[in-house]
Each structure stands twice: as structure tokens, then as C-alpha cells.
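Visitor: So here's data_27.txt, just compact mmCIF, C-alpha atoms:
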# COMPACT_ATOMS: atom_id res chain seq x y z
CA MET A 1 120.45 -95.21 -16.10
CA PHE A 2 123.75 -95.09 -14.21
CA TRP A 3 123.14 -91.55 -12.87
CA THR A 4 119.74 -89.93 -12.44
CA PRO A 5 119.19 -86.15 -12.19
CA LEU A 6 118.58 -86.56 -8.45
CA HIS A 7 121.90 -88.37 -8.04
CA VAL A 8 123.63 -85.48 -9.81
CA GLN A 9 121.95 -82.93 -7.56
CA THR A 10 122.82 -84.74 -4.34
CA LEU A 11 126.10 -86.53 -5.03
CA ILE A 12 128.14 -83.84 -6.81
CA PRO A 13 127.88 -81.45 -3.82
CA GLN A 14 128.76 -84.36 -1.52
CA PHE A 15 131.90 -85.11 -3.50
CA VAL A 16 132.99 -81.47 -3.31
CA VAL A 17 132.34 -81.18 0.44
CA TYR A 18 134.04 -84.50 1.18
CA ILE A 19 137.15 -83.63 -0.82
CA VAL A 20 137.51 -80.23 0.86
CA LEU A 21 136.82 -81.58 4.36
CA ALA A 22 139.17 -84.56 3.99
CA PHE A 23 141.90 -82.29 2.63
CA VAL A 24 141.53 -79.83 5.51
CA LEU A 25 141.58 -82.63 8.09
CA SER A 26 144.68 -84.12 6.49
CA ARG A 27 146.49 -80.80 6.82
CA LEU A 28 145.36 -80.24 10.40
CA LEU A 29 146.38 -83.73 11.54
CA LYS A 30 149.49 -84.35 9.42
CA ASP A 31 151.94 -83.80 12.31
CA LYS A 32 149.91 -85.67 14.92
CA ASP A 33 150.48 -89.22 16.11
CA PHE A 34 148.81 -92.02 14.15
CA GLU A 35 145.95 -92.59 16.61
CA THR A 36 145.03 -88.91 16.38
CA GLN A 37 145.21 -89.07 12.59
CA MET A 38 142.80 -92.01 12.74
CA LEU A 39 140.25 -90.00 14.74
CA PRO A 40 138.11 -88.87 11.74
CA LEU A 41 137.92 -92.48 10.51
CA LYS A 42 137.04 -93.63 14.03
CA ILE A 43 134.20 -91.10 14.21
CA CYS A 44 132.86 -92.20 10.82
CA THR A 45 133.09 -95.85 11.88
CA ALA A 46 131.21 -95.16 15.10
CA LEU A 47 128.47 -93.37 13.12
CA LEU A 48 128.18 -96.31 10.72
CA LEU A 49 127.84 -98.73 13.63
CA LEU A 50 125.22 -96.56 15.35
CA LEU A 51 123.24 -96.29 12.12
CA GLU A 52 123.33 -100.07 11.71
CA ILE A 53 122.24 -100.66 15.30
CA ALA A 54 119.34 -98.23 14.77
CA LYS A 55 118.35 -100.07 11.59
CA GLN A 56 118.43 -103.46 13.27
CA VAL A 57 116.37 -102.22 16.23
CA MET A 58 113.87 -100.54 13.92
CA GLY A 59 113.64 -103.74 11.89
CA ILE A 60 112.92 -105.84 14.97
CA VAL A 61 110.28 -103.36 16.14
CA THR A 62 108.50 -102.94 12.79
CA GLY A 63 108.89 -106.46 11.38
CA TYR A 64 112.22 -107.91 10.37
CA SER A 65 113.27 -108.60 6.79
CA THR A 66 116.15 -110.94 5.98
CA TYR A 67 117.35 -108.22 3.57
CA TRP A 68 118.49 -106.27 6.63
CA ILE A 69 120.97 -108.95 7.70
CA PRO A 70 124.35 -107.19 7.32
CA LEU A 71 125.80 -109.41 4.60
CA HIS A 72 125.66 -106.98 1.70
CA PHE A 73 128.79 -105.88 -0.15
CA CYS A 74 128.83 -102.58 1.74
CA SER A 75 128.15 -104.35 5.03
CA LEU A 76 131.89 -105.04 5.05
CA PHE A 77 132.23 -101.50 6.42
CA LEU A 78 130.75 -102.87 9.66
CA TYR A 79 133.46 -105.47 10.05
CA PHE A 80 136.71 -104.11 8.65
CA HIS A 81 136.47 -100.45 9.63
CA PRO A 82 136.07 -101.23 13.36
CA LEU A 83 139.00 -103.65 13.09
CA ALA A 84 141.06 -100.99 11.31
CA CYS A 85 140.21 -98.36 13.92
CA PHE A 86 140.17 -100.23 17.20
CA TYR A 87 142.24 -103.41 16.78
CA LYS A 88 145.82 -102.77 17.95
CA GLY A 89 147.46 -106.12 17.15
CA LYS A 90 150.14 -107.03 14.64
CA HIS A 91 147.64 -107.44 11.77
CA ARG A 92 146.28 -103.91 12.03
CA ASP A 93 147.95 -102.77 8.79
CA LYS A 94 146.11 -105.55 6.95
CA PHE A 95 142.76 -104.51 8.37
CA ILE A 96 143.43 -100.86 7.50
CA LEU A 97 144.33 -101.90 3.96
CA ILE A 98 141.12 -103.93 3.52
CA ALA A 99 139.06 -101.12 5.06
CA GLY A 100 140.62 -98.78 2.49
CA VAL A 101 139.71 -101.18 -0.31
CA VAL A 102 136.12 -101.42 1.00
CA SER A 103 135.87 -97.62 0.96
CA THR A 104 137.39 -97.42 -2.52
CA CYS A 105 134.94 -100.00 -3.89
CA LEU A 106 132.08 -97.82 -2.71
CA PHE A 107 133.72 -94.74 -4.25
CA LEU A 108 134.01 -96.50 -7.61
CA PHE A 109 130.37 -97.54 -7.60
CA MET A 110 129.20 -94.11 -6.45
CA ALA A 111 131.31 -92.42 -9.13
CA VAL A 112 130.28 -94.75 -11.97
CA TYR A 113 126.91 -96.33 -11.14
CA PRO A 114 125.31 -94.76 -8.03
CA ASN A 115 121.87 -95.92 -9.13
CA ILE A 116 122.85 -99.51 -8.28
CA ILE A 117 123.74 -98.42 -4.73
CA TYR A 118 120.48 -96.60 -4.08
CA SER A 119 117.77 -95.27 -6.36
CA ASP A 120 116.44 -91.76 -6.72
CA ALA A 121 113.26 -93.12 -5.11
CA ALA A 122 115.38 -93.90 -2.03
CA ILE A 123 116.65 -90.31 -2.00
CA SER A 124 113.10 -88.95 -2.23
CA SER A 125 111.91 -91.29 0.50
CA MET A 126 114.80 -90.23 2.71
CA TRP A 127 113.88 -86.56 2.32
CA ASP A 128 110.22 -87.31 3.02
CA PHE A 129 111.22 -89.07 6.24
CA VAL A 130 113.50 -86.22 7.34
CA THR A 131 110.83 -83.59 6.64
CA GLY A 132 108.04 -85.57 8.31
CA LYS A 133 106.16 -86.30 5.10
CA GLY A 134 106.27 -90.07 5.40
CA GLY A 135 109.13 -91.82 3.69
CA SER A 136 111.22 -94.55 5.25
CA PHE A 137 113.82 -94.68 7.99
CA PHE A 138 115.46 -97.56 6.13
CA GLU A 139 116.01 -95.35 3.08
CA LEU A 140 117.44 -92.68 5.38
CA HIS A 141 119.82 -95.30 6.71
CA THR A 142 120.79 -96.35 3.19
CA VAL A 143 121.61 -92.83 2.00
CA LEU A 144 123.41 -91.76 5.19
CA PHE A 145 125.34 -95.03 5.52
CA HIS A 146 126.70 -94.83 2.00
CA GLY A 147 127.36 -91.11 2.32
CA ILE A 148 129.53 -91.61 5.41
CA GLY A 149 131.19 -94.62 3.81
CA LEU A 150 132.00 -92.54 0.73
CA PHE A 151 133.64 -89.87 2.90
CA THR A 152 135.99 -92.45 4.44
CA PHE A 153 137.48 -93.05 0.99
CA PHE A 154 138.71 -89.47 0.86
CA LEU A 155 140.13 -89.80 4.37
CA PHE A 156 142.19 -92.79 3.22
CA ILE A 157 143.44 -90.88 0.18
CA PHE A 158 144.27 -87.52 1.74
CA GLN A 159 145.58 -88.87 5.04
CA GLY A 160 147.53 -91.74 3.49
CA LEU A 161 146.31 -94.18 6.14
CA ALA A 162 147.00 -97.42 4.25
CA LYS A 163 150.42 -99.02 3.91
CA PHE A 164 151.03 -101.04 0.76
CA SER A 165 152.86 -104.28 -0.01
CA THR A 166 151.74 -105.56 -3.42
CA LYS A 167 152.14 -109.35 -3.07
CA ARG A 168 150.67 -109.38 0.43
CA ASP A 169 147.85 -107.04 -0.51
CA ILE A 170 146.71 -108.88 -3.64
CA LEU A 171 146.56 -112.18 -1.75
CA LEU A 172 144.77 -110.47 1.13
CA VAL A 173 142.13 -108.93 -1.13
CA VAL A 174 141.53 -112.17 -3.08
CA VAL A 175 141.22 -114.27 0.10
CA THR A 176 138.99 -111.73 1.88
CA TYR A 177 136.50 -111.33 -0.94
CA GLY A 178 136.78 -114.97 -1.96
CA LEU A 179 135.68 -115.98 1.55
CA TYR A 180 132.87 -113.41 1.38
CA CYS A 181 131.60 -114.99 -1.85
CA LEU A 182 132.00 -118.51 -0.48
CA ILE A 183 129.91 -117.69 2.59
CA VAL A 184 127.34 -115.19 1.31
CA GLY A 185 126.75 -116.56 -2.22
CA PRO A 186 125.25 -119.90 -1.11
CA PHE A 187 123.55 -118.36 1.94
CA ALA A 188 121.78 -115.81 -0.27
CA GLN A 189 120.32 -118.68 -2.34
CA LEU A 190 119.37 -120.60 0.80
CA ILE A 191 117.27 -117.81 2.28
CA ASP A 192 116.40 -116.23 -1.10
CA THR A 193 117.75 -112.81 -0.15
CA ASN A 194 119.58 -110.68 -2.69
CA PHE A 195 122.83 -109.95 -0.89
CA ASN A 196 125.41 -108.49 -3.32
CA ASN A 197 123.09 -109.32 -6.25
CA PHE A 198 123.79 -113.04 -5.74
CA VAL A 199 120.13 -113.98 -6.30
CA HIS A 200 119.34 -111.57 -9.13
CA SER A 201 120.89 -108.40 -10.52
CA ASN A 202 119.67 -104.89 -9.82
CA ALA A 203 121.34 -103.84 -13.07
CA PRO A 204 118.79 -104.49 -15.86
CA PHE A 205 121.38 -105.49 -18.48
CA LEU A 206 122.96 -108.04 -16.12
CA GLU A 207 119.57 -109.39 -15.09
CA ASN A 208 118.72 -109.97 -18.74
CA ILE A 209 121.93 -111.98 -19.10
CA ARG A 210 121.09 -114.02 -15.99
CA LEU A 211 117.63 -114.86 -17.29
CA SER A 212 119.06 -115.75 -20.70
CA ILE A 213 121.57 -118.15 -19.13
CA ILE A 214 118.86 -119.79 -17.05
CA GLU A 215 116.62 -120.15 -20.09
CA SER A 216 119.36 -121.88 -22.08
CA THR A 217 120.92 -124.08 -19.36
CA GLY A 218 118.16 -124.63 -16.79
CA ALA A 219 117.44 -123.00 -13.44
CA PHE A 220 120.04 -124.72 -11.23
CA LEU A 221 122.97 -124.65 -13.65
CA GLY A 222 122.10 -121.20 -14.94
CA GLN A 223 121.88 -119.71 -11.45
CA THR A 224 125.14 -121.45 -10.47
CA ILE A 225 126.91 -119.92 -13.48
CA TYR A 226 125.46 -116.53 -12.57
CA VAL A 227 126.62 -116.77 -8.93
CA LEU A 228 130.12 -117.78 -10.05
CA ALA A 229 130.21 -114.83 -12.46
CA ILE A 230 129.10 -112.43 -9.72
CA SER A 231 131.74 -113.93 -7.43
CA ILE A 232 134.47 -113.29 -10.00
CA GLY A 233 133.28 -109.69 -10.31
CA THR A 234 133.14 -109.38 -6.53
CA ILE A 235 136.83 -110.27 -6.39
CA LEU A 236 137.92 -108.28 -9.46
CA VAL A 237 136.31 -104.99 -8.37
CA PRO A 238 138.23 -104.90 -5.05
CA LEU A 239 141.46 -105.71 -6.90
CA ILE A 240 140.82 -102.73 -9.18
CA ALA A 241 139.91 -100.68 -6.11
CA TYR A 242 143.20 -101.66 -4.47
CA PHE A 243 145.25 -100.27 -7.34
CA VAL A 244 143.09 -97.12 -7.48
CA LEU A 245 143.63 -96.62 -3.75
CA ARG A 246 147.36 -97.17 -4.10
CA LEU A 247 147.68 -94.87 -7.11
CA LEU A 248 145.67 -91.97 -5.65
CA THR A 249 147.33 -92.28 -2.23
CA GLY A 250 150.75 -92.19 -3.87
CA LEU A 251 149.86 -89.20 -6.04
CA PHE A 252 148.53 -87.16 -3.16
CA ASN A 253 151.40 -88.10 -0.83
CA LYS A 254 153.89 -87.04 -3.51
CA LYS A 255 152.19 -83.66 -3.88
CA ARG A 256 151.94 -83.25 -0.12
CA ASP A 257 155.65 -84.01 0.33
Show the structure stored in the file as C-alpha cells.
Guide:
Amino acid sequence: MFWTPLHVQTLIPQFVVYIVLAFVLSRLLKDKDFETQMLPLKICTALLLLLEIAKQVMGIVTGYSTYWIPLHFCSLFLYFHPLACFYKGKHRDKFILIAGVVSTCLFLFMAVYPNIIYSDAAISSMWDFVTGKGGSFFELHTVLFHGIGLFTFFLFIFQGLAKFSTKRDILLVVVTYGLYCLIVGPFAQLIDTNFNNFVHSNAPFLENIRLSIIESTGAFLGQTIYVLAISIGTILVPLIAYFVLRLLTGLFNKKRD
């Protein structure tokens, strides 16, 4: 199931609030200097970093799992958003662009298949933790982290933070996510940790395909084919996200002008 009833109940209100808030902020800050316009993104980035630090500390205290190493697809928020916000060098536009693509990738998944990002069990566990009925801090982290990350997408759209140059951008996206796959894909196999679904798929229909390939070709070759297929998807999704980001930014900027 791509959406569960609990996802509908929690995500639809989030989308509405985020759209309204991002729109209001864009109007309030539209005549300010660029660093001031970046302030909402900087605040979101700081919150994401604080959440991650809290998760890592809690993991060390309670017993660390390799799954908490920040090498997941959405862990890219922790690298590119700080660079976009706080790096002031000549490559800043590139980092802002990639940060926008990272945010748009999350938006696409949350709009189409939120159940692969976090389950309704994670939502329930988060609420139990918040209300003191048990639950898990790590599920709270998961839901909050992706919620804040989702909001940054609307900031990019309504504030028009990213600057576009098609040839540069396509190469930048392919190289960035290609390097991610090259590093994380083999490492996930090495430590048997399911970063970015490189070890197995959280989507049942894709997992059935993986198992079928392994059954017909053997474990090593089958898993290699699967990892290569996931890598291709990991590059294609950000390319799609790039064009979505560019299209929506252009549409809103045209209406705003």
C-alpha cells in the first residue's frame, strides 16, 4: 500500500500547513537580501542537524545499530543543506541546487509512496513516545526529520532559491548521485545494512523481483544486478526531481512576478 489511512490523516494536513507557511514566508522575505531569504532554510537545516546529533547520541547510549549511520538516501540532507546554507564560496549555487533536488526527491516519495519512507507503525510509535506511552525516539526522529525535510521543498519552490543551468545541473546531479551509489552501494553489502534499499527492497513488489533474479542467476550475480538497477533508479529519480523543481519554481516565479 503506497498510502495508509494514517499517512492520509497526518500528511495531508502537513502539506497544507507547509504550503501556506512557505508562501507566507516567501512574501515576507521577497524584498530582503539573499542571506535573510535563506534564514528559514537555515533554521530547518539546523533542526535536521540537531535531530541527527540526538539520534546518534541516543544510539551510542542505548546500543548502536549500523542502520543509524547517516548514509541513507535522505541522509543527503545532512551534507548538502548545510553546504547550501553556510558555505559562501564560488560553488554555493551548485550546493543550493543539489539541496533543492534532495528536498524535491523527498517530496516526490512523500507524495507518491510515503509508506516506503516510514510506515504507519512508525507514526504510531512516534505518538506513543511523545505521549509517554512507550514508543521509540528513533521513530520520532524519522517522522520529524522527514517532515522538516519535506517543508524545505516548499521553501525552495516558493522562495525560488535555486538557480538553474541545464547542462551544468544534469551533470552535477548525475555525478553527485553516481558517487553516492558508488560509495554506499558496495558499503551496504559489506556491512549488510540496507542503506537506500541496496541490500533488499522495502517495496514488496521490488523485493519479489530481487528474489526472482537471485533465484535465476545466483546470489552474487543476482544481487549485483539488483544493486545496479537500484543505482540507476537512484540517479533517475533525482534527474526527474530536478526537472520538477525547475518547472514548479518557474511556474511560481512567473505568477509572483
Visitor: Using all atoms listed in the file, which of the listed residues (A:Ala241, A:Leu21, A:Thr10, A:Ser231) sits closest to Ser124 (chain A)?
Guide: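 The shortest atom-to-atom distance to Ser124 (chain A) comes from A:Thr10.
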Visitor: Pick the closest to Lys55 (chain A) from A:Ile43, A:Leu144, A:Ile12, A:Ala203: which is it, counting only C-alpha atoms?
Guide: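 For Lys55 (chain A), the nearest of the given residues is A:Leu144.
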Visitor: Pick the closest to Ser65 (chain A) from A:Ile191, A:Val175, A:Leu108, A:Leu97: which is it, counting all atoms listed in the file?
Guide: A:Ile191
Visitor: Take every atom of region 56-74 of chain A listed in the file, pad by 8 Å on each side, and give me the axis-aligned box centre and edge lengths in Å, one decimal, as JSON.
Guide:
{"center_x": 118.7, "center_y": -105.7, "center_z": 8.0, "size_x": 36.3, "size_y": 26.4, "size_z": 32.4}
Visitor: What does the distance from CA of Phe34 (chain A) to CA of Gln159 (chain A) come to in Å, to one decimal?
Guide: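 CA of Gln159 (chain A) lies at a distance of 10.2 Å from CA of Phe34 (chain A).
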Visitor: What gap, in Å, lies between CA of Leu48 (chain A) and CA of Val227 (chain A)?
Guide: 28.4 Å
Visitor: Point out the residue among A:Val17, A:Leu155, A:Leu239, A:Val102 with the least atom-to-atom distance to Lys42 (chain A), counting all atoms listed in the file.
Guide: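 Of the candidates, the smallest distance to Lys42 (chain A) is held by A:Leu155.
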Visitor: Check the smallest atom-to-atom distance from each of A:Leu245, A:Asn197, A:His72, A:Ile240 to Tyr226 (chain A) using all atoms listed in the file, then report the winner.
Guide: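 Looking only at the distances to Tyr226 (chain A), the closest residue turns out to be A:Asn197.
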Visitor: Show me, as a PyMOL selection string, the residues that have an atom within 12 Å of Leu50 (chain A) when counting all atoms listed in the file, minus same-chain residues fewer than 4 positions from it.
Guide: chain A and resi 43-46+54-57+78+82+141+144-145+148
Visitor: Which one is closest to Val184 (chain A): A:Phe205, A:Ile69, A:Val237, A:Arg27? Count all atoms listed in the file.
Guide: A:Ile69
Visitor: Grab the CA of Ile116 (chain A) to CA of Gly233 (chain A) distance for me, in Å with one decimal place.
Guide: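 Computing it gives 14.7 Å between the two atoms.
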Visitor: Compile the contact shell of Ile230 (chain A) as a list in words: residues with an atom at most 9 Å away, counting all atoms listed in the file, same-chain residues fewer than 4 positions apart removed.
Guide: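 After dropping sequence-adjacent residues, the list is Cys181, Gly185, Asn196, Asn197, Phe198, Ile225, Tyr226, Thr234 and Ile235 of chain A.
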Visitor: For the point (117.0, -94.5, 3.2) in file coordinates, what residues are within 10 Å, counting only C-alpha atoms? Give the answer as a list in words?
Guide: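 Residues close enough to count: Tyr118, Ser119, Ala121, Ala122, Ile123, Ser124, Ser125, Met126, Trp127, Asp128, Phe129, Val130, Gly135, Ser136, Phe137, Phe138, Glu139, Leu140, His141, Thr142, Val143, Leu144, Phe145 and His146 of chain A.
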Visitor: Write out as a PDB file with C-alpha atoms, in the frame of the given file each polymer residue whose atoms come within 10 Å of Phe2 (chain A), counting all atoms listed in the file; drop sequence neighbours fewer than 4 positions from it.
Guide:
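File selection_32.pdb, as written:
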ATOM      1  CA  HIS A   7     121.900 -88.370  -8.040  1.00  0.00           C
ATOM      2  CA  PHE A 109     130.370 -97.540  -7.600  1.00  0.00           C
ATOM      3  CA  MET A 110     129.200 -94.110  -6.450  1.00  0.00           C
ATOM      4  CA  ALA A 111     131.310 -92.420  -9.130  1.00  0.00           C
ATOM      5  CA  VAL A 112     130.280 -94.750 -11.970  1.00  0.00           C
ATOM      6  CA  TYR A 113     126.910 -96.330 -11.140  1.00  0.00           C
ATOM      7  CA  PRO A 114     125.310 -94.760  -8.030  1.00  0.00           C
ATOM      8  CA  ASN A 115     121.870 -95.920  -9.130  1.00  0.00           C
ATOM      9  CA  ILE A 116     122.850 -99.510  -8.280  1.00  0.00           C
ATOM     10  CA  SER A 119     117.770 -95.270  -6.360  1.00  0.00           C
ATOM     11  CA  ALA A 203     121.340-103.840 -13.070  1.00  0.00           C
TER      12      ALA A 203
END
